[in-house]
Amino acid sequence: MKKILIATLLSTCMSSAALAGDFFVEAGVGGSFGKFDGPEFYNPDGASSSNLQSKASGDYILLENVDDTDASFAGSVALGYHVTDNFFTKLSFHSFGSLEASGGARFGASAPGDNYEQVLKTDAYGVFLGGGYQFSVTEQFFVEPNAEIGVAIIKSKGTQGANLDLSSRFPKETRTNLAFGAGVNLGYNLTENLTLLTGANYYWLGKADTGKTKDPEASAMGMNVNEQLQSDLSTITAKVGLRYSF
């Protein structure tokens, strides 16, 4: 499914390039404001341990003092085509930046135990095919709602107990997810070909899980086998940029 979607994105872009019309290139920079649905700490052995002082639910340890939001730099570039004076399509690449979430799990022979901080770290990117429609406000100003669908590439890793001077780590994992986004731009035509854009978009990026720990590495770091940090990731981007039509 993911390979078919990527092929469709590329073939659509190449088909558009064969048409005569009003093409444009676009670039923007700004901020990415990430929201993690989690993180969740999967640890079957730890969840049933007599030394666990935090609460557990099945094979999951319920993290305490969770920080599930983060902000980072965001940037994007795009190649687009004006199908009509108002409607356009575009193929874009996005960098959503480096985002992380954290929470604590307490272990010890007696309460309250030591708080082992769990930190999920991600680098997120995406390739999207989208479209938009320009509603003119004045001759120079316009409002431009848009929507996109594509693939998100999320590189995840994690640490455990760094607050206790431990060097325990979760394995790195790269995931390719179906993703989508929608938002609105405000545009101002500086010249016939050059447009100033500012806008905000919401993106659902999908799973951002680390890999699962395995022996012998897990035992060497004092971790259980099959420990994993799990989460879904979404973000809101706010950017300013330029579009050049040719």
# chains A, B, ... in the order shown; residues from 1 in each chain; ligands from 1
>>> residues_around(residues="Val184 in chain A", least_positions_apart="4", cutoff="8 Å", atoms="only C-alpha atoms", output="list of chain:residue names")
A:Val143, A:Glu144, A:Pro145, A:Asn146, A:Gly199, A:Ala200, A:Asn201
>>> residues_around(residues="Gly161 in chain A", least_positions_apart="3", cutoff="10 Å", atoms="only C-alpha atoms", output="list in words")
Gly104, Ala105, Asp114, Asn115, Tyr116, Glu117, Gln118, Val119, Leu164, Asp165, Leu166, Ser167, Ser168 and Arg169 of chain A
>>> select_by_dssp(residues="range 61-211 of chain A", states="strand (DSSP E or B)", output="JSON, numbers by chain")
{"A": [61, 64, 65, 66, 67, 69, 70, 71, 72, 73, 74, 75, 76, 77, 78, 79, 80, 81, 82, 87, 88, 89, 90, 91, 92, 93, 94, 95, 96, 97, 98, 99, 100, 101, 102, 103, 104, 105, 106, 107, 114, 115, 116, 117, 118, 119, 120, 121, 122, 123, 124, 125, 126, 127, 128, 129, 130, 131, 132, 133, 135, 136, 141, 142, 143, 144, 145, 146, 147, 148, 149, 150, 151, 152, 153, 154, 155, 156, 157, 158, 159, 160, 168, 169, 170, 171, 172, 173, 174, 175, 176, 177, 178, 179, 180, 181, 182, 183, 184, 185, 186, 187, 188, 189, 194, 195, 196, 197, 198, 199, 200, 201, 202, 203, 204, 205, 206, 207]}
>>> residues_around(residues="range 20-30 of chain A", least_positions_apart="4", cutoff="9 Å", atoms="only C-alpha atoms", output="ChimeraX atom specification")
/A:16,72-85,90,92,193,197-198,237-246
>>> write_last_selection(atoms="C-alpha atoms", output="PDB file, in the first residue's frame")
ATOM      1  CA  SER A  16       1.481  17.326 -14.352  1.00  0.00           C
ATOM      2  CA  SER A  72      10.791  22.355  16.847  1.00  0.00           C
ATOM      3  CA  PHE A  73      11.849  23.998  13.586  1.00  0.00           C
ATOM      4  CA  ALA A  74       9.778  23.149  10.507  1.00  0.00           C
ATOM      5  CA  GLY A  75      10.461  23.635   6.806  1.00  0.00           C
ATOM      6  CA  SER A  76       9.009  22.617   3.467  1.00  0.00           C
ATOM      7  CA  VAL A  77       9.578  22.817  -0.282  1.00  0.00           C
ATOM      8  CA  ALA A  78       7.055  22.103  -3.032  1.00  0.00           C
ATOM      9  CA  LEU A  79       6.507  21.924  -6.783  1.00  0.00           C
ATOM     10  CA  GLY A  80       2.996  22.779  -7.908  1.00  0.00           C
ATOM     11  CA  TYR A  81       0.725  23.356 -10.879  1.00  0.00           C
ATOM     12  CA  HIS A  82      -2.212  25.748 -11.274  1.00  0.00           C
ATOM     13  CA  VAL A  83      -4.964  23.633 -12.846  1.00  0.00           C
ATOM     14  CA  THR A  84      -7.168  26.744 -13.034  1.00  0.00           C
ATOM     15  CA  ASP A  85      -6.744  30.328 -11.898  1.00  0.00           C
ATOM     16  CA  LYS A  90       1.389  20.293  -5.463  1.00  0.00           C
ATOM     17  CA  SER A  92       5.763  18.725  -1.234  1.00  0.00           C
ATOM     18  CA  ASN A 193       4.987  35.918 -10.209  1.00  0.00           C
ATOM     19  CA  LEU A 197       2.454  33.127   2.150  1.00  0.00           C
ATOM     20  CA  THR A 198       1.755  32.573   5.817  1.00  0.00           C
ATOM     21  CA  THR A 237       2.911  23.769  11.744  1.00  0.00           C
ATOM     22  CA  ALA A 238       2.975  27.545  11.402  1.00  0.00           C
ATOM     23  CA  LYS A 239       5.116  28.862   8.555  1.00  0.00           C
ATOM     24  CA  VAL A 240       5.896  31.820   6.372  1.00  0.00           C
ATOM     25  CA  GLY A 241       7.199  31.377   2.837  1.00  0.00           C
ATOM     26  CA  LEU A 242       7.359  32.410  -0.793  1.00  0.00           C
ATOM     27  CA  ARG A 243       5.791  31.012  -3.950  1.00  0.00           C
ATOM     28  CA  TYR A 244       7.248  31.737  -7.386  1.00  0.00           C
ATOM     29  CA  SER A 245       5.076  31.031 -10.441  1.00  0.00           C
ATOM     30  CA  PHE A 246       6.558  30.449 -13.900  1.00  0.00           C
TER      31      PHE A 246
END
>>> closest_residue(among="A:Leu120, A:Gly46, A:Ala147, A:Gly97", to="Val66 in chain A", atoms="only C-alpha atoms")
A:Leu120
>>> select_by_dssp(residues="range 33-233 of chain A", states="helix (DSSP H, G or I)", output="ChimeraX atom specification")
/A:44-47,162-164,217-220
>>> atom_distance(atom1="CA of Leu196 in chain A", atom2="CA of Gly131 in chain A")
17.9 Å
>>> residues_around(residues="Glu40 in chain A", least_positions_apart="3", cutoff="10 Å", atoms="only C-alpha atoms", output="ChimeraX atom specification")
/A:36-37,43,60-63,66,102-103,118,120,209,228-232
>>> write_last_selection(atoms="all heavy atoms", output="compact mmCIF listing (two decimals), in the first residue's frame")
# COMPACT_ATOMS: atom_id res chain seq x y z
N PHE A 36 2.05 14.17 21.24
CA PHE A 36 2.17 12.72 21.31
C PHE A 36 0.93 12.14 21.98
O PHE A 36 0.50 12.63 23.02
CB PHE A 36 3.42 12.32 22.10
CG PHE A 36 4.71 12.62 21.40
CD1 PHE A 36 5.28 13.87 21.49
CD2 PHE A 36 5.36 11.64 20.66
CE1 PHE A 36 6.49 14.16 20.85
CE2 PHE A 36 6.56 11.90 20.02
CZ PHE A 36 7.12 13.17 20.11
N ASP A 37 0.39 11.08 21.40
CA ASP A 37 -0.69 10.33 22.04
C ASP A 37 -0.03 9.25 22.89
O ASP A 37 0.02 8.09 22.55
CB ASP A 37 -1.59 9.71 20.97
CG ASP A 37 -2.79 9.01 21.57
OD1 ASP A 37 -3.04 9.20 22.78
OD2 ASP A 37 -3.46 8.25 20.85
N ASN A 43 6.17 -2.92 28.77
CA ASN A 43 7.20 -3.62 29.54
C ASN A 43 6.54 -4.79 30.27
O ASN A 43 6.20 -4.69 31.46
CB ASN A 43 7.86 -2.65 30.52
CG ASN A 43 9.05 -3.25 31.24
OD1 ASN A 43 9.27 -4.47 31.21
ND2 ASN A 43 9.83 -2.40 31.90
N TYR A 60 1.48 -2.82 30.21
CA TYR A 60 1.96 -1.44 30.13
C TYR A 60 2.12 -0.85 31.54
O TYR A 60 1.28 -1.05 32.42
CB TYR A 60 0.97 -0.56 29.35
CG TYR A 60 0.94 -0.87 27.88
CD1 TYR A 60 0.14 -1.89 27.38
CD2 TYR A 60 1.71 -0.14 26.98
CE1 TYR A 60 0.11 -2.18 26.03
CE2 TYR A 60 1.68 -0.42 25.62
CZ TYR A 60 0.87 -1.44 25.15
OH TYR A 60 0.85 -1.72 23.81
N ILE A 61 3.22 -0.09 31.71
CA ILE A 61 3.43 0.69 32.92
C ILE A 61 2.92 2.10 32.65
O ILE A 61 3.29 2.72 31.65
CB ILE A 61 4.92 0.72 33.31
CG1 ILE A 61 5.40 -0.70 33.67
CG2 ILE A 61 5.16 1.67 34.48
CD1 ILE A 61 6.88 -0.79 33.92
N LEU A 62 2.04 2.59 33.52
CA LEU A 62 1.46 3.91 33.33
C LEU A 62 2.45 4.98 33.79
O LEU A 62 2.76 5.07 34.97
CB LEU A 62 0.14 4.02 34.10
CG LEU A 62 -0.92 2.95 33.75
CD1 LEU A 62 -2.18 3.18 34.57
CD2 LEU A 62 -1.21 2.96 32.26
N LEU A 63 2.94 5.76 32.83
CA LEU A 63 3.95 6.77 33.15
C LEU A 63 3.36 7.93 33.93
O LEU A 63 2.19 8.30 33.75
CB LEU A 63 4.59 7.28 31.85
CG LEU A 63 5.36 6.24 31.04
CD1 LEU A 63 5.92 6.87 29.77
CD2 LEU A 63 6.49 5.62 31.86
N VAL A 66 3.78 12.99 32.73
CA VAL A 66 4.00 12.92 31.28
C VAL A 66 4.07 14.32 30.67
O VAL A 66 3.22 15.17 30.95
CB VAL A 66 2.89 12.09 30.60
CG1 VAL A 66 2.99 12.19 29.09
CG2 VAL A 66 2.98 10.64 31.05
N SER A 102 8.11 12.60 27.26
CA SER A 102 8.74 11.91 28.38
C SER A 102 7.73 11.63 29.49
O SER A 102 6.64 12.21 29.53
CB SER A 102 9.90 12.74 28.94
OG SER A 102 9.42 13.99 29.45
N GLY A 103 8.11 10.74 30.37
CA GLY A 103 7.33 10.40 31.55
C GLY A 103 8.17 9.53 32.46
O GLY A 103 9.25 9.06 32.06
N GLN A 118 11.58 8.04 31.17
CA GLN A 118 11.52 7.44 29.85
C GLN A 118 11.35 8.58 28.84
O GLN A 118 10.41 9.37 28.94
CB GLN A 118 10.35 6.47 29.73
CG GLN A 118 10.13 5.58 30.95
CD GLN A 118 11.23 4.57 31.14
OE1 GLN A 118 11.70 3.95 30.19
NE2 GLN A 118 11.63 4.36 32.40
N LEU A 120 11.09 9.55 24.75
CA LEU A 120 10.90 9.16 23.35
C LEU A 120 11.31 10.33 22.47
O LEU A 120 10.77 11.44 22.61
CB LEU A 120 9.43 8.79 23.11
CG LEU A 120 8.99 8.53 21.66
CD1 LEU A 120 9.76 7.36 21.06
CD2 LEU A 120 7.50 8.29 21.60
N ASP A 209 6.84 4.64 17.36
CA ASP A 209 7.35 3.69 18.36
C ASP A 209 8.86 3.49 18.21
O ASP A 209 9.39 3.52 17.10
CB ASP A 209 6.67 2.33 18.20
CG ASP A 209 5.16 2.41 18.30
OD1 ASP A 209 4.64 3.46 18.71
OD2 ASP A 209 4.50 1.40 17.98
N GLN A 228 9.54 -1.22 25.24
CA GLN A 228 9.32 -0.35 24.08
C GLN A 228 8.53 0.88 24.50
O GLN A 228 7.62 0.81 25.34
CB GLN A 228 8.53 -1.10 23.00
CG GLN A 228 8.31 -0.32 21.72
CD GLN A 228 7.46 -1.09 20.71
OE1 GLN A 228 6.50 -1.76 21.08
NE2 GLN A 228 7.82 -1.00 19.43
N LEU A 229 8.88 2.03 23.92
CA LEU A 229 8.08 3.25 24.06
C LEU A 229 7.21 3.39 22.82
O LEU A 229 7.70 3.29 21.70
CB LEU A 229 8.97 4.48 24.23
CG LEU A 229 9.80 4.54 25.51
CD1 LEU A 229 10.66 5.79 25.54
CD2 LEU A 229 8.89 4.50 26.75
N GLN A 230 5.91 3.60 23.03
CA GLN A 230 4.95 3.65 21.94
C GLN A 230 4.17 4.96 21.97
O GLN A 230 3.85 5.48 23.04
CB GLN A 230 3.96 2.49 22.02
CG GLN A 230 4.61 1.12 22.01
CD GLN A 230 3.59 0.01 22.21
OE1 GLN A 230 2.42 0.26 22.45
NE2 GLN A 230 4.04 -1.24 22.11
N SER A 231 3.86 5.48 20.79
CA SER A 231 3.04 6.69 20.71
C SER A 231 2.59 6.92 19.27
O SER A 231 3.21 6.43 18.33
CB SER A 231 3.82 7.91 21.19
OG SER A 231 2.99 9.06 21.20
N ASP A 232 1.49 7.66 19.12
CA ASP A 232 1.13 8.25 17.84
C ASP A 232 1.54 9.72 17.89
O ASP A 232 1.59 10.33 18.97
CB ASP A 232 -0.37 8.14 17.57
CG ASP A 232 -0.79 6.70 17.32
OD1 ASP A 232 0.01 5.94 16.74
OD2 ASP A 232 -1.92 6.34 17.71
